[in-house]
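Below: one structure, written as structure tokens.
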Amino acid sequence: MKVAEAMAFSLLSCTVFFCLVLMRQGKCRPLSLSGTEVNPQRFRCPEDQFNPMATMVFNTEAGTIRALFAFPETLKEELAQTGTGIIGITTAVPGVDIILFFLAWFVLTTLTHGVWVPGGLFMPGIMIGCSVGVIYMDVLMYGFGGNVTHIGG
């Protein structure tokens, strides 16, 4: 029964994350993650674009964390290129993707915490925390008109 339980939760996790990517497959963004160690995933996007949800799901956990940390730098690059101080909606941090990604990680981590396989909570906690940080940045930027140039180093 323990093996069947672990297999069921594994199947559930894989299905949820892949369905998230399929739901957001048409939401391509311009490829502006240059100069970082991010491995952007195209997943049915044109050559010069990437899919943010696929980048977060199909990368390793370390790659996903790097991608989440790269979003403020991407916003800074966009502001520098436009020179207007206005961030384009098509290239901004994908708020819906981040929220869905956070909810999937939070719910699945909560559900699988009691499974007999010792999976740990350290990396899921980091993934959830990074997602909350980007959501918080979105709220500051778009809800309160925060300045992205003060974010990061």
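Chain labels run A, B, ... following the order of the structure tokens; each chain numbers its residues from 1, and ligands are numbered from 1 in the order shown.
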Exercise for the section: Do a neighbour search on region 40-44 of chain A at 9 Å with only C-alpha atoms, toss out local chain neighbours closer than 2 positions, and write the hits as a ChimeraX atom specification. Expected result: /A:21,25-26,28,31,33,38,46-56,58-59,67
Practice task
Might you pull out every residue within 12 Å of Met1 (chain A), with only C-alpha atoms counted and same-chain residues fewer than 4 positions away left off, and present them as an NGL selection string?
Solution key: :A and (5-8 or 115-117)
Practice task
Identify which of the residues A:Pro30, A:Pro72, A:Gly129, A:Gly143 lies closest to Trp105 (chain A), counting only C-alpha atoms when measuring atom-to-atom distances.
Solution key: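 Selected residue with least distance to Trp105 (chain A): A:Gly129.
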Problem - Length of the CA of Thr110 (chain A) to CA of Pro124 (chain A) vector [Å] - result: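 Between these atoms lies a distance of 9.9 Å.
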